[in-house]
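data.cif (mmCIF, C-alpha atoms)
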data_final
loop_
_atom_site.label_atom_id
_atom_site.label_comp_id
_atom_site.auth_asym_id
_atom_site.auth_seq_id
_atom_site.Cartn_x
_atom_site.Cartn_y
_atom_site.Cartn_z
CA MET A 35 61.59 58.15 -70.00
CA SER A 36 57.95 59.10 -69.39
CA ILE A 37 55.34 57.34 -71.49
CA THR A 38 52.44 59.36 -72.86
CA LYS A 39 49.06 58.33 -74.25
CA GLU A 40 49.98 60.14 -77.46
CA SER A 41 53.07 57.98 -77.98
CA VAL A 42 51.04 54.82 -77.36
CA ILE A 43 48.36 55.96 -79.83
CA GLU A 44 50.94 56.73 -82.49
CA ARG A 45 52.48 53.29 -82.08
CA LEU A 46 49.05 51.61 -82.23
CA LYS A 47 48.38 53.36 -85.54
CA THR A 48 50.98 51.01 -87.01
CA VAL A 49 48.77 48.01 -86.17
CA ASN A 50 46.48 47.06 -89.03
CA GLY A 51 42.80 46.53 -88.35
CA PRO A 52 41.00 43.27 -89.13
CA ASP A 53 41.71 42.10 -92.66
CA PHE A 54 44.09 45.07 -93.13
CA THR A 55 41.26 47.64 -93.37
CA GLY A 56 43.01 50.66 -91.87
CA ASN A 57 44.54 50.76 -88.40
CA ILE A 58 42.94 49.96 -85.05
CA VAL A 59 43.08 53.57 -83.82
CA ASP A 60 41.36 55.14 -86.85
CA LEU A 61 38.78 52.35 -86.78
CA GLY A 62 37.82 53.40 -83.25
CA MET A 63 38.74 50.06 -81.74
CA VAL A 64 41.07 51.26 -78.97
CA SER A 65 39.66 52.08 -75.53
CA GLU A 66 40.90 54.74 -73.14
CA ILE A 67 44.56 54.09 -72.40
CA PHE A 68 45.67 53.82 -68.77
CA ILE A 69 49.37 54.22 -67.97
CA ALA A 70 50.81 53.36 -64.57
CA ASP A 71 54.42 54.49 -64.93
CA SER A 72 55.98 51.81 -67.12
CA LYS A 73 52.86 49.64 -67.55
CA VAL A 74 50.21 50.27 -70.22
CA PHE A 75 46.62 49.00 -70.02
CA PHE A 76 43.93 49.22 -72.72
CA SER A 77 41.37 47.14 -74.58
CA ILE A 78 40.47 46.58 -78.22
CA THR A 79 36.82 46.43 -79.27
CA VAL A 80 36.00 43.57 -81.67
CA PRO A 81 32.87 41.68 -82.73
CA ALA A 82 32.22 39.01 -80.11
CA ALA A 83 31.83 36.33 -82.78
CA ARG A 84 35.35 37.01 -84.06
CA ALA A 85 37.12 37.26 -80.71
CA GLN A 86 39.08 34.03 -81.04
CA GLU A 87 39.98 34.72 -84.67
CA LEU A 88 41.27 38.20 -83.79
CA GLU A 89 43.52 37.11 -80.91
CA PRO A 90 46.60 37.72 -83.14
CA LEU A 91 45.43 41.33 -83.49
CA ARG A 92 45.51 41.73 -79.71
CA ALA A 93 48.95 40.14 -79.56
CA ALA A 94 50.24 42.45 -82.31
CA ALA A 95 49.00 45.52 -80.43
CA GLU A 96 50.64 44.26 -77.25
CA ARG A 97 53.96 43.72 -79.03
CA ALA A 98 53.77 47.17 -80.62
CA VAL A 99 53.29 48.91 -77.29
CA LYS A 100 55.97 46.86 -75.55
CA GLY A 101 58.37 48.12 -78.24
CA ILE A 102 58.00 51.71 -77.04
CA PRO A 103 61.12 52.79 -75.11
CA GLY A 104 60.41 52.80 -71.40
CA VAL A 105 57.42 50.43 -71.51
CA ALA A 106 58.00 47.50 -69.15
CA SER A 107 54.80 45.60 -69.94
CA ALA A 108 51.37 45.93 -71.52
CA VAL A 109 48.04 44.37 -70.62
CA VAL A 110 45.72 44.28 -73.63
CA ALA A 111 42.26 42.72 -73.62
CA LEU A 112 39.59 42.18 -76.25
CA THR A 113 36.16 43.63 -75.44
CA ALA A 114 32.77 43.01 -77.02
CA GLU A 115 31.63 44.96 -80.05
CA LYS A 116 30.24 48.45 -79.51
CA LYS A 117 28.22 50.33 -82.11
CA GLY A 118 29.91 53.14 -83.94
CA GLY A 119 33.36 51.62 -83.66
CA GLY A 120 33.77 50.88 -87.34
CA MET A 121 33.24 47.16 -86.75
CA GLU A 122 29.54 46.70 -87.50
CA ALA A 123 29.83 45.38 -91.03
CA PRO A 124 31.17 41.83 -91.20
CA VAL A 125 34.35 41.55 -93.22
CA PRO A 126 35.29 38.27 -94.89
CA ALA A 127 38.05 36.61 -92.93
CA ARG A 128 41.44 36.70 -94.61
CA PRO A 129 42.79 33.19 -95.19
CA ALA A 130 45.57 32.32 -92.84
CA ALA A 131 49.04 31.94 -94.31
CA PRO A 132 50.38 28.39 -94.19
CA ARG A 133 52.67 27.80 -91.27
CA PRO A 134 56.17 26.45 -91.93
CA ALA A 135 56.78 22.94 -90.73
CA ALA A 136 58.27 22.76 -87.28
CA PRO A 137 61.83 21.44 -87.05
CA GLN A 138 62.17 17.84 -86.03
CA SER A 139 63.73 18.76 -82.69
CA SER A 140 60.52 20.53 -81.60
CA GLN A 141 58.77 17.19 -81.43
CA ARG A 142 60.80 16.14 -78.42
CA PRO A 143 59.72 16.85 -74.84
CA THR A 144 61.50 19.86 -73.38
CA PRO A 145 62.33 20.78 -69.80
CA GLN A 146 60.16 23.89 -70.20
CA ALA A 147 56.94 21.87 -70.39
CA PRO A 148 54.34 22.95 -67.78
CA ALA A 149 54.80 21.27 -64.44
CA SER A 150 52.11 18.98 -63.08
CA HIS A 151 49.63 20.39 -60.58
CA SER A 152 51.36 18.69 -57.68
CA HIS A 153 54.87 19.99 -58.34
CA GLY A 154 56.63 23.24 -59.06
CA LYS A 155 54.07 25.62 -57.56
CA ARG A 156 55.72 28.89 -56.70
CA GLY A 157 54.48 30.90 -53.73
CA VAL A 158 53.93 34.64 -53.74
CA PRO A 159 56.52 36.58 -51.71
CA GLY A 160 55.09 38.13 -48.57
CA ILE A 161 51.91 36.00 -48.56
CA ASP A 162 51.68 33.21 -46.01
CA SER A 163 48.45 31.53 -47.21
CA ILE A 164 46.17 31.85 -50.23
CA ILE A 165 42.49 30.85 -50.00
CA ALA A 166 40.21 30.52 -53.04
CA VAL A 167 36.49 31.29 -52.69
CA ALA A 168 34.61 29.59 -55.50
CA SER A 169 31.17 28.49 -56.65
CA GLY A 170 29.89 26.16 -59.31
CA LYS A 171 27.55 28.82 -60.73
CA GLY A 172 26.91 32.55 -60.54
CA GLY A 173 24.29 34.29 -58.46
CA VAL A 174 24.93 32.47 -55.17
CA GLY A 175 26.59 35.39 -53.38
CA LYS A 176 30.19 34.24 -53.78
CA SER A 177 31.75 37.71 -53.95
CA THR A 178 29.75 38.98 -50.97
CA THR A 179 30.85 35.90 -49.05
CA ALA A 180 34.47 36.38 -50.12
CA VAL A 181 34.66 40.02 -49.01
CA ASN A 182 32.95 39.37 -45.67
CA LEU A 183 35.16 36.32 -45.11
CA ALA A 184 38.22 38.51 -45.72
CA LEU A 185 36.91 41.13 -43.31
CA GLY A 186 36.13 38.38 -40.79
CA LEU A 187 39.69 37.10 -40.99
CA ALA A 188 40.97 40.65 -40.53
CA ALA A 189 38.61 41.17 -37.56
CA ASN A 190 40.13 38.03 -36.04
CA GLY A 191 43.56 39.67 -36.08
CA LEU A 192 45.07 38.62 -39.43
CA LYS A 193 46.67 40.75 -42.15
CA VAL A 194 44.45 40.15 -45.17
CA GLY A 195 44.36 40.96 -48.88
CA VAL A 196 41.73 40.31 -51.54
CA LEU A 197 42.44 39.41 -55.16
CA ASP A 198 39.40 39.85 -57.39
CA ALA A 199 40.11 37.05 -59.87
CA ASP A 200 36.58 37.26 -61.27
CA ILE A 201 37.94 39.01 -64.34
CA TYR A 202 34.71 38.48 -66.27
CA GLY A 203 32.72 40.48 -63.72
CA PRO A 204 34.96 42.15 -61.13
CA SER A 205 32.90 43.36 -58.16
CA MET A 206 35.40 44.26 -55.43
CA PRO A 207 35.61 47.96 -56.41
CA ARG A 208 31.88 48.31 -55.72
CA LEU A 209 31.73 45.97 -52.70
CA LEU A 210 34.61 47.79 -50.97
CA ASN A 211 33.80 51.28 -52.27
CA ILE A 212 37.22 51.75 -53.86
CA HIS A 213 37.64 54.09 -56.82
CA GLY A 214 40.51 55.29 -58.97
CA ARG A 215 43.54 53.62 -60.51
CA PRO A 216 46.35 51.83 -58.67
CA GLN A 217 49.77 53.43 -58.45
CA THR A 218 53.06 51.66 -58.99
CA VAL A 219 56.08 51.10 -56.78
CA ASP A 220 59.26 52.29 -58.53
CA GLY A 221 57.49 51.83 -61.86
CA LYS A 222 57.81 48.05 -61.57
CA ILE A 223 54.92 46.57 -59.61
CA LEU A 224 51.40 47.75 -58.81
CA LYS A 225 50.48 49.01 -55.39
CA PRO A 226 47.22 47.46 -54.13
CA MET A 227 44.28 49.69 -53.31
CA GLN A 228 43.07 49.68 -49.70
CA ASN A 229 39.90 50.06 -47.66
CA TYR A 230 38.60 48.63 -44.36
CA GLY A 231 42.12 47.43 -43.60
CA LEU A 232 42.25 45.15 -46.67
CA LYS A 233 44.74 45.30 -49.53
CA VAL A 234 42.82 44.82 -52.78
CA MET A 235 43.59 44.28 -56.45
CA SER A 236 40.97 43.91 -59.17
CA MET A 237 40.74 44.18 -62.93
CA GLY A 238 37.87 46.55 -62.11
CA PHE A 239 40.47 49.16 -61.11
CA LEU A 240 41.96 49.02 -64.61
CA VAL A 241 38.84 48.65 -66.78
CA ASP A 242 35.63 50.68 -66.62
CA GLU A 243 32.79 48.91 -64.78
CA GLU A 244 30.49 48.65 -67.81
CA THR A 245 33.14 47.37 -70.21
CA PRO A 246 32.37 43.76 -71.25
CA MET A 247 35.52 41.66 -71.32
CA ILE A 248 36.30 38.80 -73.69
CA TRP A 249 39.01 36.62 -72.18
CA ARG A 250 40.62 33.68 -73.92
CA GLY A 251 42.66 31.10 -72.00
CA PRO A 252 46.16 32.65 -72.40
CA MET A 253 44.80 36.11 -71.56
CA VAL A 254 43.22 34.80 -68.34
CA MET A 255 46.49 33.27 -67.23
CA SER A 256 48.47 36.38 -68.10
CA ALA A 257 46.09 38.76 -66.29
CA LEU A 258 45.87 36.60 -63.17
CA THR A 259 49.62 36.10 -63.05
CA GLN A 260 50.25 39.84 -63.24
CA MET A 261 47.64 40.70 -60.60
CA LEU A 262 49.04 38.02 -58.33
CA ARG A 263 52.79 38.32 -58.80
CA GLU A 264 53.28 41.93 -59.92
CA VAL A 265 51.52 43.53 -56.94
CA GLU A 266 53.15 44.62 -53.68
CA TRP A 267 50.98 42.39 -51.47
CA GLY A 268 53.10 41.55 -48.49
CA PRO A 269 53.33 41.07 -45.70
CA LEU A 270 50.00 39.22 -45.49
CA ASP A 271 48.84 36.32 -43.36
CA VAL A 272 46.25 35.39 -45.98
CA LEU A 273 45.13 36.41 -49.45
CA VAL A 274 41.47 35.70 -50.22
CA VAL A 275 40.89 35.10 -53.94
CA ASP A 276 37.39 35.74 -55.29
CA MET A 277 37.23 33.27 -58.18
CA PRO A 278 34.92 33.56 -61.18
CA PRO A 279 31.99 31.12 -61.10
CA GLY A 280 32.41 27.75 -62.76
CA THR A 281 35.41 25.50 -63.35
CA GLY A 282 37.30 27.20 -66.17
CA ASP A 283 40.68 28.71 -66.98
CA ALA A 284 40.89 31.01 -63.96
CA GLN A 285 40.33 28.20 -61.45
CA LEU A 286 42.78 25.88 -63.17
CA THR A 287 45.40 28.63 -63.47
CA MET A 288 45.23 29.35 -59.75
CA ALA A 289 45.10 25.70 -58.73
CA GLN A 290 47.97 24.60 -60.96
CA GLN A 291 50.36 27.53 -60.55
CA VAL A 292 49.86 28.68 -56.95
CA PRO A 293 50.15 26.65 -53.73
CA LEU A 294 46.60 27.27 -52.51
CA ALA A 295 46.07 26.67 -48.80
CA GLY A 296 42.56 25.54 -49.71
CA ALA A 297 39.22 26.36 -51.30
CA VAL A 298 35.91 27.50 -49.84
CA ILE A 299 32.82 26.55 -51.86
CA VAL A 300 29.73 28.80 -51.72
CA SER A 301 26.30 27.37 -52.56
CA THR A 302 22.64 28.02 -51.90
CA PRO A 303 20.47 25.23 -50.44
CA GLN A 304 18.55 24.17 -53.54
CA ASP A 305 19.45 21.05 -55.48
CA LEU A 306 20.36 22.83 -58.74
CA ALA A 307 22.97 25.00 -57.01
CA LEU A 308 24.37 21.98 -55.20
CA ILE A 309 24.83 20.11 -58.47
CA ASP A 310 27.08 22.92 -59.67
CA ALA A 311 28.82 23.15 -56.29
CA ARG A 312 29.78 19.49 -56.62
CA LYS A 313 31.55 20.32 -59.89
CA GLY A 314 33.65 22.92 -58.10
CA LEU A 315 34.43 20.51 -55.29
CA ASN A 316 35.48 17.78 -57.70
CA MET A 317 37.64 20.16 -59.73
CA PHE A 318 39.64 21.23 -56.68
CA LYS A 319 39.96 17.59 -55.57
CA LYS A 320 41.40 16.60 -58.94
CA VAL A 321 44.11 19.27 -58.72
CA ASP A 322 44.98 18.40 -55.10
CA VAL A 323 43.69 21.62 -53.52
CA PRO A 324 42.43 21.07 -49.93
CA LEU A 325 38.70 21.66 -49.47
CA LEU A 326 38.30 23.94 -46.47
CA GLY A 327 34.53 23.63 -46.43
CA ILE A 328 31.14 24.69 -47.78
CA VAL A 329 29.14 27.83 -46.94
CA GLU A 330 25.37 27.73 -47.40
CA ASN A 331 24.42 31.25 -48.49
CA MET A 332 20.81 32.54 -48.59
CA SER A 333 20.13 29.68 -46.21
CA TYR A 334 16.87 31.06 -44.76
CA PHE A 335 14.88 34.26 -44.43
CA LEU A 336 13.66 35.84 -41.20
CA ALA A 337 10.74 38.20 -41.77
CA PRO A 338 11.73 41.56 -40.26
CA ASP A 339 8.19 42.30 -39.04
CA THR A 340 7.23 38.94 -37.54
CA GLY A 341 10.53 37.13 -37.13
CA LYS A 342 9.01 34.12 -38.92
CA HIS A 343 11.52 31.72 -40.47
CA TYR A 344 11.10 31.02 -44.22
CA ASP A 345 13.15 28.47 -46.21
CA ILE A 346 12.78 30.18 -49.58
CA PHE A 347 15.41 28.08 -51.37
CA GLY A 348 15.01 25.02 -49.18
CA HIS A 349 17.26 24.57 -46.17
CA GLY A 350 20.18 22.43 -45.09
CA GLY A 351 21.11 21.14 -48.54
CA ALA A 352 24.72 22.33 -48.31
CA ARG A 353 25.10 20.88 -44.81
CA ARG A 354 23.86 17.48 -46.01
CA GLU A 355 26.13 17.65 -49.05
CA ALA A 356 29.11 18.46 -46.84
CA GLU A 357 28.33 15.49 -44.60
CA ARG A 358 27.90 13.21 -47.60
CA LEU A 359 31.27 14.26 -49.05
CA GLY A 360 33.10 14.39 -45.74
CA VAL A 361 33.76 18.12 -46.12
CA THR A 362 33.56 20.67 -43.29
CA PHE A 363 30.30 22.62 -43.15
CA LEU A 364 31.35 26.19 -42.39
CA GLY A 365 28.01 27.80 -41.65
CA GLU A 366 24.68 29.22 -42.82
CA VAL A 367 24.30 32.82 -43.97
CA PRO A 368 20.70 34.10 -44.02
CA LEU A 369 18.99 35.86 -46.91
CA GLU A 370 19.12 39.22 -45.18
CA MET A 371 18.19 42.58 -46.68
CA GLY A 372 20.93 44.32 -44.69
CA ILE A 373 23.65 42.15 -46.23
CA ARG A 374 22.48 43.05 -49.73
CA GLU A 375 22.04 46.76 -48.98
CA SER A 376 25.39 47.14 -47.27
CA SER A 377 27.16 45.28 -50.09
CA ASP A 378 25.56 47.49 -52.75
CA ALA A 379 26.60 50.55 -50.73
CA GLY A 380 30.22 49.42 -50.53
CA ALA A 381 30.06 48.86 -46.77
CA PRO A 382 30.03 45.08 -46.09
CA VAL A 383 28.29 44.10 -42.84
CA VAL A 384 31.43 42.86 -41.09
CA ALA A 385 32.91 46.35 -41.47
CA SER A 386 29.78 48.52 -41.20
CA LYS A 387 27.93 46.58 -38.49
CA PRO A 388 30.66 44.60 -36.70
CA GLU A 389 28.47 43.87 -33.66
CA GLY A 390 25.50 42.65 -35.69
CA ALA A 391 24.29 39.06 -35.94
CA GLU A 392 25.32 38.74 -39.60
CA ALA A 393 28.86 39.97 -38.90
CA LYS A 394 29.19 37.37 -36.15
CA ILE A 395 28.18 34.65 -38.61
CA TYR A 396 30.93 35.69 -41.02
CA ARG A 397 33.52 35.97 -38.23
CA ASP A 398 32.62 32.46 -37.08
CA ILE A 399 32.98 31.18 -40.64
CA ALA A 400 36.35 32.96 -40.88
CA SER A 401 37.51 31.28 -37.66
CA LYS A 402 36.53 27.85 -39.00
CA VAL A 403 38.25 28.54 -42.32
CA TRP A 404 41.47 29.62 -40.62
CA GLY A 405 41.30 26.59 -38.34
CA ARG A 406 41.00 24.35 -41.39
CA VAL A 407 43.99 26.08 -43.00
CA GLN A 408 46.06 25.28 -39.93
CA GLU A 409 44.83 21.66 -39.94
CA GLU A 410 45.77 21.21 -43.60
CA ARG A 411 49.14 22.81 -43.01
CA GLY A 412 49.84 20.51 -40.09
CA ALA A 413 48.76 17.46 -42.10
CA ALA A 414 51.03 18.48 -45.00
CA GLU A 415 54.01 18.95 -42.70
CA ALA A 416 53.36 15.61 -41.03
CA ALA A 417 53.26 13.90 -44.41
CA VAL A 418 56.78 15.06 -45.29
CA PRO A 419 59.16 12.18 -44.47
CA SER A 420 62.01 12.95 -42.12
CA ILE A 421 65.56 11.96 -42.96
CA VAL A 422 67.50 10.29 -40.17
CA PHE A 423 71.28 10.06 -40.33
CA GLU A 424 72.81 7.16 -38.39
#
Take the structure in this file and express it as structure tokens.
Amino acid sequence: MSITKESVIERLKTVNGPDFTGNIVDLGMVSEIFIADSKVFFSITVPAARAQELEPLRAAAERAVKGIPGVASAVVALTAEKKGGGMEAPVPARPAAPRPAAPQSSQRPTPQAPASHSHGKRGVPGIDSIIAVASGKGGVGKSTTAVNLALGLAANGLKVGVLDADIYGPSMPRLLNIHGRPQTVDGKILKPMQNYGLKVMSMGFLVDEETPMIWRGPMVMSALTQMLREVEWGPLDVLVVDMPPGTGDAQLTMAQQVPLAGAVIVSTPQDLALIDARKGLNMFKKVDVPLLGIVENMSYFLAPDTGKHYDIFGHGGARREAERLGVTFLGEVPLEMGIRESSDAGAPVVASKPEGAEAKIYRDIASKVWGRVQEERGAAEAAVPSIVFE
């Protein structure tokens, strides 16, 4: 049975707005609805200050749409308040109904409790290795590094995909100049978009670029799980995951639920960036994810007219930090106008200028990263005890 926007809208009209003041459709809270065969994607606009309080509203809308015959799943997100959506005037919060006491048996531990980070991680079919690219803070060039690393791995002969897990600010559609909506395979799983030989999935393909997203913990895990496990990725040698900055839900979800081959940390040379980079390093250590190394981005600037070397953000800080922590230093990427311009144009330097000096830097970094993946894999296999029958 085909699913139409009209049928979804009619079903959403049965969902009451905040504090039972009309329905979410008539209040102008529902975004454009995107349907990929049996999957439905849309967002609900709410005041940012009430996002956590209105999570049940999002869940109710999701349940309503899933109840439509033929709908396999629904991805519903809360977005920040927009003017003219019927949500400007604050409405007193309705007191929550008292919850019934849980039965005594629910107090006992159950086998369904989440597994620890070191056990029970389930791989993704068709993907040999998964690499996370992370940073302790934003603005250090993590996404540009991630996409050029992926292209460097592909240039070195590997089959590569990119998962844009930066759901708060997805940038892969722009960096890789990919437009449109993904299709589905047999109405069950999404087909990744492609450019420059990379398979790519991003929340940016499903949500308009200027739409601000409000993600709570369960929503982050649900969105990442669907983009990771409900996409036809394989066969891939490696999936590069562009993580959101910081050490929040997205990083923990990936680290605890997926057998990551390792993490690459991106930092700039100055002390403040390195402080945040240390947080990322420590987070991955605590969840037993191998540290593949550190990249020092915006490491130095070469004046195009004179060739003079300028250390605008200092120099060598990431290298010294790597040595101090016993982590591999993967390389220095210069603050280069061409890298920025090509990224903004959707033509990363490794793809658009493969013979250039900057592309060589990224390919060298990719070679070191892949070498570290093989080292970690060998170490893990060696650590598994052998059973000898006598």
Next item on the list: Would you kindly return, as a list in words, each protein, DNA or RNA residue with an atom no farther than 10 Å from any atom of A:Leu183, considering only C-alpha atoms and excluding same-chain residues fewer than 2 positions away?
Entry: Val167, Ser177, Thr178, Thr179, Ala180, Val181, Leu185, Gly186, Leu187, Ala188, Ala189, Val274, Val384, Ala393, Ile395, Tyr396, Arg397, Asp398, Ile399, Ala400, Ser401 and Val403 of chain A
Margin query: List the spatial neighbours of A:Ser376 as a list in words - criterion: any atom at most 12 Å away, only C-alpha atoms, same-chain residues fewer than 4 positions off excluded.
Written below: Thr178, Val181, Asn182, Arg208, Leu209, Leu210, Asn211, Glu370, Met371, Gly372, Gly380, Ala381, Pro382, Val383, Val384, Ala385, Ser386, Lys387, Glu392 and Ala393 of chain A
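With all atoms listed in the file as the atoms that count, the residue of A:Phe318, A:Phe54, A:Trp404, A:Phe347 with the shortest distance to A:Ser301 is A:Phe347.
Nearest residue to A:Phe75, choosing from A:Ile212, A:Val329, A:Leu88, A:Ala106 and counting all atoms listed in the file: A:Ala106.
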Note to self: Which residues would end up in the selection if the PyMOL selection byres ((chain A and resi 215) around 12) were applied here, given that I need the answer as a PyMOL selection string?
What the structure shows: chain A and resi 67-71+75+207+212-214+216-218+224-228+234-242
